[in-house]
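Structure below is input.pdb: PDB, C-alpha atoms.
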```
MODEL        1
ATOM      1  CA  MET A   1     -37.860  -3.834  -3.490
ATOM      2  CA  TYR A   2     -39.278  -1.809  -6.365
ATOM      3  CA  GLY A   3     -38.896  -2.709 -10.029
ATOM      4  CA  ASP A   4     -37.850  -6.012 -11.505
ATOM      5  CA  SER A   5     -34.568  -7.871 -11.833
ATOM      6  CA  GLU A   6     -33.899  -6.239 -15.219
ATOM      7  CA  SER A   7     -34.115  -2.690 -13.857
ATOM      8  CA  LEU A   8     -32.013  -3.708 -10.846
ATOM      9  CA  ASP A   9     -29.375  -5.131 -13.174
ATOM     10  CA  GLN A  10     -29.269  -1.880 -15.174
ATOM     11  CA  VAL A  11     -28.934   0.266 -12.046
ATOM     12  CA  PHE A  12     -26.263  -2.112 -10.707
ATOM     13  CA  LYS A  13     -24.182  -1.861 -13.899
ATOM     14  CA  ARG A  14     -24.448   1.942 -13.903
ATOM     15  CA  ALA A  15     -23.481   2.112 -10.243
ATOM     16  CA  LEU A  16     -20.422  -0.067 -10.879
ATOM     17  CA  GLN A  17     -19.158   2.415 -13.470
ATOM     18  CA  GLN A  18     -19.430   5.442 -11.205
ATOM     19  CA  ASN A  19     -18.740   4.163  -7.672
ATOM     20  CA  ASP A  20     -16.472   1.935  -5.619
ATOM     21  CA  GLN A  21     -17.191  -1.500  -7.075
ATOM     22  CA  PHE A  22     -16.477  -3.393  -3.869
ATOM     23  CA  GLU A  23     -18.975  -1.209  -2.016
ATOM     24  CA  ILE A  24     -21.652  -1.643  -4.704
ATOM     25  CA  TYR A  25     -21.297  -5.440  -4.718
ATOM     26  CA  THR A  26     -21.488  -5.475  -0.929
ATOM     27  CA  ARG A  27     -24.624  -3.300  -0.887
ATOM     28  CA  LEU A  28     -26.370  -5.471  -3.464
ATOM     29  CA  ILE A  29     -25.514  -8.576  -1.450
ATOM     30  CA  ASP A  30     -27.072  -6.910   1.604
ATOM     31  CA  ILE A  31     -30.207  -6.218  -0.438
ATOM     32  CA  TYR A  32     -30.368  -9.851  -1.561
ATOM     33  CA  VAL A  33     -29.878 -11.143   1.981
ATOM     34  CA  THR A  34     -32.576  -8.875   3.457
ATOM     35  CA  SER A  35     -34.895  -9.771   0.554
ATOM     36  CA  ASN A  36     -34.376 -13.465   1.369
ATOM     37  CA  LYS A  37     -32.575 -14.237  -1.900
ATOM     38  CA  PRO A  38     -29.541 -16.189  -0.663
ATOM     39  CA  GLU A  39     -28.886 -17.800  -4.062
ATOM     40  CA  SER A  40     -28.422 -14.387  -5.675
ATOM     41  CA  ALA A  41     -26.194 -13.256  -2.807
ATOM     42  CA  ASP A  42     -24.121 -16.427  -3.154
ATOM     43  CA  GLN A  43     -23.633 -15.811  -6.885
ATOM     44  CA  LEU A  44     -22.407 -12.277  -6.195
ATOM     45  CA  TYR A  45     -20.023 -13.525  -3.512
ATOM     46  CA  GLN A  46     -18.567 -15.984  -6.011
ATOM     47  CA  ILE A  47     -18.003 -13.146  -8.476
ATOM     48  CA  MET A  48     -16.437 -11.026  -5.725
ATOM     49  CA  CYS A  49     -14.051 -13.838  -4.749
ATOM     50  CA  LYS A  50     -12.680 -13.744  -8.287
ATOM     51  CA  LYS A  51     -12.813  -9.994  -8.822
ATOM     52  CA  PHE A  52     -11.454  -8.970  -5.386
ATOM     53  CA  SER A  53      -9.493 -12.112  -4.531
ATOM     54  CA  SER A  54      -6.765 -10.244  -2.640
ATOM     55  CA  ASN A  55      -9.292  -8.498  -0.368
ATOM     56  CA  ILE A  56      -9.539 -10.307   2.967
ATOM     57  CA  GLN A  57     -12.977  -8.779   3.636
ATOM     58  CA  VAL A  58     -14.510 -10.669   0.710
ATOM     59  CA  TRP A  59     -13.391 -14.025   2.057
ATOM     60  CA  SER A  60     -14.423 -13.170   5.599
ATOM     61  CA  GLN A  61     -17.868 -11.894   4.594
ATOM     62  CA  TYR A  62     -18.488 -14.863   2.302
ATOM     63  CA  GLY A  63     -17.465 -17.268   5.064
ATOM     64  CA  ARG A  64     -19.833 -15.559   7.510
ATOM     65  CA  PHE A  65     -22.648 -15.646   4.946
ATOM     66  CA  LEU A  66     -22.173 -19.377   4.339
ATOM     67  CA  MET A  67     -21.990 -20.133   8.066
ATOM     68  CA  GLU A  68     -25.170 -18.130   8.681
ATOM     69  CA  GLN A  69     -26.851 -20.119   5.894
ATOM     70  CA  GLY A  70     -25.859 -23.364   7.639
ATOM     71  CA  LYS A  71     -23.309 -24.249   4.956
ATOM     72  CA  ALA A  72     -20.308 -24.760   7.220
ATOM     73  CA  ASP A  73     -18.629 -27.266   4.883
ATOM     74  CA  LEU A  74     -18.675 -24.748   2.022
ATOM     75  CA  ALA A  75     -17.356 -22.042   4.342
ATOM     76  CA  ARG A  76     -14.428 -24.285   5.271
ATOM     77  CA  LYS A  77     -13.644 -24.734   1.580
ATOM     78  CA  ILE A  78     -13.730 -20.953   1.169
ATOM     79  CA  LEU A  79     -11.095 -20.643   3.898
ATOM     80  CA  GLN A  80      -8.844 -23.045   1.986
ATOM     81  CA  ARG A  81      -9.456 -21.145  -1.278
ATOM     82  CA  SER A  82      -8.618 -17.849   0.407
ATOM     83  CA  PHE A  83      -5.102 -19.107   1.198
ATOM     84  CA  LYS A  84      -4.354 -19.213  -2.537
ATOM     85  CA  SER A  85      -5.245 -15.539  -3.010
ATOM     86  CA  LEU A  86      -4.191 -13.842   0.213
ATOM     87  CA  THR A  87      -0.697 -13.040   1.422
ATOM     88  CA  LYS A  88       0.983 -15.182   4.093
ATOM     89  CA  LYS A  89       0.505 -12.350   6.582
ATOM     90  CA  GLN A  90      -3.237 -12.313   5.870
ATOM     91  CA  HIS A  91      -3.475 -16.088   6.435
ATOM     92  CA  VAL A  92      -3.248 -15.497  10.178
ATOM     93  CA  ASP A  93      -6.075 -12.940  10.167
ATOM     94  CA  ILE A  94      -8.401 -14.952   7.934
ATOM     95  CA  THR A  95      -7.797 -18.113   9.960
ATOM     96  CA  LYS A  96      -8.543 -16.201  13.168
ATOM     97  CA  GLN A  97     -11.767 -14.858  11.651
ATOM     98  CA  PHE A  98     -12.872 -18.302  10.478
ATOM     99  CA  ALA A  99     -12.040 -19.768  13.897
ATOM    100  CA  GLN A 100     -14.382 -17.194  15.422
ATOM    101  CA  LEU A 101     -17.055 -18.124  12.870
ATOM    102  CA  GLU A 102     -16.695 -21.783  13.853
ATOM    103  CA  PHE A 103     -17.299 -20.842  17.480
ATOM    104  CA  LYS A 104     -20.335 -18.742  16.613
ATOM    105  CA  TYR A 105     -22.022 -20.750  13.842
ATOM    106  CA  GLY A 106     -20.141 -23.999  13.314
ATOM    107  CA  GLU A 107     -18.412 -26.481  15.569
ATOM    108  CA  MET A 108     -16.567 -25.197  18.610
ATOM    109  CA  GLU A 109     -13.973 -27.978  18.380
ATOM    110  CA  ARG A 110     -13.048 -26.923  14.843
ATOM    111  CA  GLY A 111     -12.658 -23.372  16.101
ATOM    112  CA  CYS A 112     -10.413 -24.636  18.908
ATOM    113  CA  THR A 113      -8.317 -26.573  16.399
ATOM    114  CA  LEU A 114      -7.850 -23.472  14.238
ATOM    115  CA  PHE A 115      -6.873 -21.398  17.281
ATOM    116  CA  GLU A 116      -4.529 -24.120  18.560
ATOM    117  CA  ASN A 117      -2.774 -24.165  15.186
ATOM    118  CA  LEU A 118      -2.436 -20.382  15.304
ATOM    119  CA  VAL A 119      -1.083 -20.184  18.855
ATOM    120  CA  SER A 120       1.409 -22.965  18.184
ATOM    121  CA  SER A 121       2.609 -21.246  14.994
ATOM    122  CA  TYR A 122       2.534 -17.709  16.433
ATOM    123  CA  PRO A 123       2.928 -18.086  20.206
ATOM    124  CA  ARG A 124       4.006 -14.473  20.748
ATOM    125  CA  LYS A 125       0.907 -12.956  19.140
ATOM    126  CA  VAL A 126      -1.024 -12.059  22.270
ATOM    127  CA  ASP A 127      -4.025 -10.881  20.251
ATOM    128  CA  ILE A 128      -4.620 -14.458  19.052
ATOM    129  CA  TRP A 129      -4.447 -15.810  22.611
ATOM    130  CA  SER A 130      -6.809 -13.056  23.715
ATOM    131  CA  VAL A 131      -9.444 -13.766  21.053
ATOM    132  CA  TYR A 132      -9.183 -17.512  21.738
ATOM    133  CA  ILE A 133      -9.778 -16.858  25.445
ATOM    134  CA  ASP A 134     -12.768 -14.622  24.649
ATOM    135  CA  MET A 135     -14.359 -17.276  22.443
ATOM    136  CA  LEU A 136     -13.912 -20.026  25.052
ATOM    137  CA  THR A 137     -15.293 -17.733  27.764
ATOM    138  CA  LYS A 138     -18.413 -16.992  25.704
ATOM    139  CA  LYS A 139     -18.987 -20.739  25.383
ATOM    140  CA  GLY A 140     -18.639 -21.211  29.149
ATOM    141  CA  GLU A 141     -15.518 -23.382  28.860
ATOM    142  CA  MET A 142     -13.928 -22.069  32.070
ATOM    143  CA  ASP A 143     -11.478 -24.942  32.636
ATOM    144  CA  ARG A 144     -10.231 -24.635  29.068
ATOM    145  CA  VAL A 145      -9.893 -20.870  29.492
ATOM    146  CA  ARG A 146      -7.694 -21.431  32.546
ATOM    147  CA  ASP A 147      -5.595 -23.936  30.602
ATOM    148  CA  VAL A 148      -5.117 -21.459  27.740
ATOM    149  CA  PHE A 149      -4.226 -18.681  30.197
ATOM    150  CA  GLU A 150      -1.669 -20.943  31.918
ATOM    151  CA  ARG A 151      -0.066 -21.848  28.602
ATOM    152  CA  ALA A 152       0.001 -18.224  27.461
ATOM    153  CA  VAL A 153       1.554 -16.802  30.633
ATOM    154  CA  SER A 154       4.189 -19.558  30.722
ATOM    155  CA  LEU A 155       5.647 -18.403  27.391
ATOM    156  CA  LYS A 156       8.740 -16.255  27.109
ATOM    157  CA  LEU A 157       7.093 -12.935  26.314
ATOM    158  CA  SER A 158       7.951  -9.305  26.909
ATOM    159  CA  SER A 159       6.983  -7.986  30.333
ATOM    160  CA  VAL A 160       4.318  -5.773  28.749
ATOM    161  CA  LYS A 161       2.644  -8.746  27.054
ATOM    162  CA  LYS A 162       2.871 -10.883  30.198
ATOM    163  CA  GLN A 163       1.443  -8.063  32.276
ATOM    164  CA  PHE A 164      -1.471  -7.756  29.842
ATOM    165  CA  LEU A 165      -2.165 -11.501  30.006
ATOM    166  CA  TYR A 166      -1.948 -11.626  33.794
ATOM    167  CA  LYS A 167      -4.254  -8.616  34.095
ATOM    168  CA  ARG A 168      -6.812 -10.410  31.907
ATOM    169  CA  TYR A 169      -6.307 -13.648  33.833
ATOM    170  CA  ILE A 170      -6.945 -11.905  37.176
ATOM    171  CA  GLU A 171     -10.046 -10.154  35.773
ATOM    172  CA  PHE A 172     -11.287 -13.503  34.472
ATOM    173  CA  GLU A 173     -10.848 -15.179  37.870
ATOM    174  CA  ARG A 174     -12.549 -12.270  39.648
ATOM    175  CA  LYS A 175     -15.555 -12.684  37.397
ATOM    176  CA  HIS A 176     -15.694 -16.481  36.994
ATOM    177  CA  GLY A 177     -13.513 -17.958  39.745
ATOM    178  CA  THR A 178     -13.072 -17.880  43.492
ATOM    179  CA  GLN A 179     -11.074 -15.555  45.719
ATOM    180  CA  SER A 180      -8.422 -18.241  46.228
ATOM    181  CA  LEU A 181      -7.980 -18.561  42.440
ATOM    182  CA  VAL A 182      -7.607 -14.782  42.158
ATOM    183  CA  GLU A 183      -4.948 -14.824  44.879
ATOM    184  CA  THR A 184      -3.125 -17.733  43.212
ATOM    185  CA  VAL A 185      -2.965 -15.902  39.871
ATOM    186  CA  GLN A 186      -1.895 -12.669  41.585
ATOM    187  CA  ALA A 187       0.910 -14.518  43.371
ATOM    188  CA  LYS A 188       2.114 -16.056  40.086
ATOM    189  CA  SER A 189       1.934 -12.651  38.459
ATOM    190  CA  GLN A 190       4.055 -10.997  41.150
ATOM    191  CA  ALA A 191       6.596 -13.834  41.103
ATOM    192  CA  LEU A 192       7.140 -13.601  37.339
ATOM    193  CA  LEU A 193       6.897  -9.853  36.897
TER     194      LEU A 193
ENDMDL
END
```
Would it be possible to restate this file's structure as C-alpha cells?
Amino acid sequence: MYGDSESLDQVFKRALQQNDQFEIYTRLIDIYVTSNKPESADQLYQIMCKKFSSNIQVWSQYGRFLMEQGKADLARKILQRSFKSLTKKQHVDITKQFAQLEFKYGEMERGCTLFENLVSSYPRKVDIWSVYIDMLTKKGEMDRVRDVFERAVSLKLSSVKKQFLYKRYIEFERKHGTQSLVETVQAKSQALL
C-alpha cells in the first residue's frame, strides 16, 4: 500500500462523499484484511454495523471475518446483535448463514443446533433442509444426512417439494450409499408420490 494512514484517511473520506458508502467501506476492509491489519478491519466493521445496521450483508460479512480470525465467540454475539437490527424475515437468512459459518470455521454441533432450530421453526422451507444436508455431507456425516433426509421427506409438503427432496436423496445414495439403499429410497419415493 502506498502512502500513509493520513493520506488513506483523506482518500477514504473523499470517496465516501462521491460513491456508494457501503461499497467503499467494504473495499477498505478488504484492503485492511489483505494488508494483514485485522484490527483496522474490525473497527470498520463495527462502524458499518451501526451505519448499515439493517443490511444483512454487513452482519454476515462481519461474522465471517470474526470466524476466519478465530473469534467464534464474538461472531456468535454478532449474530445475537443482528437480531435487534434486522427484520424477522431476515432472521432466518442470517441464522442460516451463521450456521454455515459454524460448520466451516466454528463448531459443527453449534451449526447443527442452529439448523435444527430453523427446520423445526420453518419445516416447509426446503432450502433450509437442503443447505443443512449439504453442510452435513461436506463434513462426511452420512448417517446424519440420511436422518435429516428421512425427517424432511416425512413432512407434509407439496408434491413438487417432496419430489425435489427425493431426487436429492436418491442422488445422495447413488454417490455415498449402496444400490440397495438407492432402491429403498426409490421405492419410498414411488409409494409417496
Inset, instruction - Determine the residue set returned by the PyMOL selection byres ((chain A and resi 167) around 12) for the present structure, and present it as a VMD selection string. - result: chain A and resid 130 149 153 159 to 166 168 to 174 182 185 to 186 188 to 190 193
Legend entry - Expected selection from the PyMOL selection byres ((chain A and resi 70-79) around 8), given as a list in words: Trp59, Tyr62, Gly63, Arg64, Leu66, Met67, Glu68, Gln69, Gln80, Arg81, Ser82, Phe83, Ile94, Thr95, Phe98, Tyr105 and Gly106 of chain A
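In this structure, CA of Ile24 in chain A sits 16.0 Å away from CA of Ser53 in chain A.
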Taking all atoms of range 96-110 of chain A that the file lists, what box with edges along x, y and z, padded by 3 Å per side, do you get, with centre and edge lengths in Å to one decimal, as JSON?
```
{"center_x": -15.3, "center_y": -21.4, "center_z": 14.5, "size_x": 19.5, "size_y": 19.1, "size_z": 14.1}
```
Legend entry - Interatomic distance (Å, one decimal) between CA of Ser60 in chain A and CA of Asp147 in chain A: 28.6 Å
Inset, instruction - Would you work out the distance separating CA of Gln100 in chain A from CA of Ser85 in chain A, expressed in Å to one decimal? - result: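 For CA of Gln100 in chain A relative to CA of Ser85 in chain A, the distance reads 20.6 Å.
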Legend entry - Selected residue of minimal separation from Tyr32 in chain A among A:Glu107, A:Tyr45, A:Ile128, A:Thr137, counting only C-alpha atoms: A:Tyr45
Legend entry - Which of A:Glu141, A:Asp93, A:Asp9, A:Glu116 sits closest to Ile56 in chain A [using all atoms listed in the file]: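 Among the listed residues, the smallest separation from Ile56 in chain A belongs to A:Asp93.
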Legend entry - Selection result of the PyMOL selection byres ((chain A and resi 114) around 10) on this file, as a ChimeraX atom specification: /A:95-100,102,108-113,115-119,132
Show me, as an mmCIF file with C-alpha atoms, in the coordinates of the input, the residues that have an atom within 12 Å of Ile31 in chain A when counting only C-alpha atoms, minus same-chain residues fewer than 6 positions from it.
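Okay, this is what ended up in out.cif:
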```cif
data_model
loop_
_atom_site.group_PDB
_atom_site.id
_atom_site.type_symbol
_atom_site.label_atom_id
_atom_site.label_comp_id
_atom_site.auth_asym_id
_atom_site.auth_seq_id
_atom_site.Cartn_x
_atom_site.Cartn_y
_atom_site.Cartn_z
ATOM 1 C CA MET A 1 -37.860 -3.834 -3.490
ATOM 2 C CA TYR A 2 -39.278 -1.809 -6.365
ATOM 3 C CA LEU A 8 -32.013 -3.708 -10.846
ATOM 4 C CA PHE A 12 -26.263 -2.112 -10.707
ATOM 5 C CA ILE A 24 -21.652 -1.643 -4.704
ATOM 6 C CA TYR A 25 -21.297 -5.440 -4.718
ATOM 7 C CA LYS A 37 -32.575 -14.237 -1.900
ATOM 8 C CA PRO A 38 -29.541 -16.189 -0.663
ATOM 9 C CA SER A 40 -28.422 -14.387 -5.675
ATOM 10 C CA ALA A 41 -26.194 -13.256 -2.807
ATOM 11 C CA LEU A 44 -22.407 -12.277 -6.195
#
```
Can you rebuild range 8-41 of chain A with N, CA and C atoms and give it as an mmCIF file, in the frame of the given file?
```
data_model
loop_
_atom_site.group_PDB
_atom_site.id
_atom_site.type_symbol
_atom_site.label_atom_id
_atom_site.label_comp_id
_atom_site.auth_asym_id
_atom_site.auth_seq_id
_atom_site.Cartn_x
_atom_site.Cartn_y
_atom_site.Cartn_z
ATOM 1 N N LEU A 8 -33.053 -3.620 -11.868
ATOM 2 C CA LEU A 8 -32.013 -3.708 -10.846
ATOM 3 C C LEU A 8 -30.656 -3.950 -11.489
ATOM 4 N N ASP A 9 -30.622 -4.822 -12.475
ATOM 5 C CA ASP A 9 -29.375 -5.131 -13.174
ATOM 6 C C ASP A 9 -28.822 -3.890 -13.876
ATOM 7 N N GLN A 10 -29.708 -3.103 -14.492
ATOM 8 C CA GLN A 10 -29.269 -1.880 -15.174
ATOM 9 C C GLN A 10 -28.696 -0.865 -14.176
ATOM 10 N N VAL A 11 -29.396 -0.674 -13.073
ATOM 11 C CA VAL A 11 -28.934 0.266 -12.046
ATOM 12 C C VAL A 11 -27.602 -0.215 -11.463
ATOM 13 N N PHE A 12 -27.484 -1.518 -11.253
ATOM 14 C CA PHE A 12 -26.263 -2.112 -10.707
ATOM 15 C C PHE A 12 -25.081 -1.846 -11.639
ATOM 16 N N LYS A 13 -25.268 -2.075 -12.931
ATOM 17 C CA LYS A 13 -24.182 -1.861 -13.899
ATOM 18 C C LYS A 13 -23.774 -0.392 -13.962
ATOM 19 N N ARG A 14 -24.754 0.506 -13.904
ATOM 20 C CA ARG A 14 -24.448 1.942 -13.903
ATOM 21 C C ARG A 14 -23.685 2.327 -12.633
ATOM 22 N N ALA A 15 -24.128 1.798 -11.524
ATOM 23 C CA ALA A 15 -23.481 2.112 -10.243
ATOM 24 C C ALA A 15 -22.034 1.622 -10.227
ATOM 25 N N LEU A 16 -21.785 0.472 -10.836
ATOM 26 C CA LEU A 16 -20.422 -0.067 -10.879
ATOM 27 C C LEU A 16 -19.471 0.851 -11.642
ATOM 28 N N GLN A 17 -19.997 1.539 -12.657
ATOM 29 C CA GLN A 17 -19.158 2.415 -13.470
ATOM 30 C C GLN A 17 -18.783 3.700 -12.736
ATOM 31 N N GLN A 18 -19.634 4.129 -11.802
ATOM 32 C CA GLN A 18 -19.430 5.442 -11.205
ATOM 33 C C GLN A 18 -19.049 5.421 -9.726
ATOM 34 N N ASN A 19 -19.007 4.250 -9.112
ATOM 35 C CA ASN A 19 -18.740 4.163 -7.672
ATOM 36 C C ASN A 19 -17.714 3.074 -7.370
ATOM 37 N N ASP A 20 -17.375 2.980 -6.093
ATOM 38 C CA ASP A 20 -16.472 1.935 -5.619
ATOM 39 C C ASP A 20 -17.148 0.580 -5.835
ATOM 40 N N GLN A 21 -16.559 -0.236 -6.695
ATOM 41 C CA GLN A 21 -17.191 -1.500 -7.075
ATOM 42 C C GLN A 21 -17.363 -2.448 -5.895
ATOM 43 N N PHE A 22 -16.368 -2.517 -5.039
ATOM 44 C CA PHE A 22 -16.477 -3.393 -3.869
ATOM 45 C C PHE A 22 -17.699 -3.011 -3.027
ATOM 46 N N GLU A 23 -17.857 -1.715 -2.815
ATOM 47 C CA GLU A 23 -18.975 -1.209 -2.016
ATOM 48 C C GLU A 23 -20.320 -1.527 -2.680
ATOM 49 N N ILE A 24 -20.399 -1.375 -3.987
ATOM 50 C CA ILE A 24 -21.652 -1.643 -4.704
ATOM 51 C C ILE A 24 -22.014 -3.125 -4.623
ATOM 52 N N TYR A 25 -21.037 -4.000 -4.843
ATOM 53 C CA TYR A 25 -21.297 -5.440 -4.718
ATOM 54 C C TYR A 25 -21.788 -5.776 -3.309
ATOM 55 N N THR A 26 -21.124 -5.200 -2.319
ATOM 56 C CA THR A 26 -21.488 -5.475 -0.929
ATOM 57 C C THR A 26 -22.908 -5.008 -0.629
ATOM 58 N N ARG A 27 -23.264 -3.829 -1.118
ATOM 59 C CA ARG A 27 -24.624 -3.300 -0.887
ATOM 60 C C ARG A 27 -25.681 -4.171 -1.553
ATOM 61 N N LEU A 28 -25.398 -4.626 -2.770
ATOM 62 C CA LEU A 28 -26.370 -5.471 -3.464
ATOM 63 C C LEU A 28 -26.519 -6.813 -2.745
ATOM 64 N N ILE A 29 -25.426 -7.334 -2.231
ATOM 65 C CA ILE A 29 -25.514 -8.576 -1.450
ATOM 66 C C ILE A 29 -26.403 -8.354 -0.231
ATOM 67 N N ASP A 30 -26.228 -7.224 0.444
ATOM 68 C CA ASP A 30 -27.072 -6.910 1.604
ATOM 69 C C ASP A 30 -28.547 -6.865 1.213
ATOM 70 N N ILE A 31 -28.821 -6.280 0.053
ATOM 71 C CA ILE A 31 -30.207 -6.218 -0.438
ATOM 72 C C ILE A 31 -30.740 -7.624 -0.666
ATOM 73 N N TYR A 32 -29.941 -8.475 -1.310
ATOM 74 C CA TYR A 32 -30.368 -9.851 -1.561
ATOM 75 C C TYR A 32 -30.600 -10.617 -0.261
ATOM 76 N N VAL A 33 -29.733 -10.428 0.704
ATOM 77 C CA VAL A 33 -29.878 -11.143 1.981
ATOM 78 C C VAL A 33 -31.141 -10.687 2.705
ATOM 79 N N THR A 34 -31.379 -9.372 2.768
ATOM 80 C CA THR A 34 -32.576 -8.875 3.457
ATOM 81 C C THR A 34 -33.849 -9.199 2.688
ATOM 82 N N SER A 35 -33.736 -9.395 1.377
ATOM 83 C CA SER A 35 -34.895 -9.771 0.554
ATOM 84 C C SER A 35 -35.083 -11.286 0.503
ATOM 85 N N ASN A 36 -34.306 -12.001 1.311
ATOM 86 C CA ASN A 36 -34.376 -13.465 1.369
ATOM 87 C C ASN A 36 -34.103 -14.107 0.005
ATOM 88 N N LYS A 37 -33.025 -13.663 -0.628
ATOM 89 C CA LYS A 37 -32.575 -14.237 -1.900
ATOM 90 C C LYS A 37 -31.125 -14.704 -1.748
ATOM 91 N N PRO A 38 -30.915 -15.752 -0.931
ATOM 92 C CA PRO A 38 -29.541 -16.189 -0.663
ATOM 93 C C PRO A 38 -28.807 -16.717 -1.892
ATOM 94 N N GLU A 39 -29.548 -17.280 -2.857
ATOM 95 C CA GLU A 39 -28.886 -17.800 -4.062
ATOM 96 C C GLU A 39 -28.237 -16.662 -4.845
ATOM 97 N N SER A 40 -28.963 -15.551 -4.962
ATOM 98 C CA SER A 40 -28.422 -14.387 -5.675
ATOM 99 C C SER A 40 -27.221 -13.806 -4.930
ATOM 100 N N ALA A 41 -27.315 -13.755 -3.608
ATOM 101 C CA ALA A 41 -26.194 -13.256 -2.807
ATOM 102 C C ALA A 41 -24.978 -14.159 -2.982
#
```
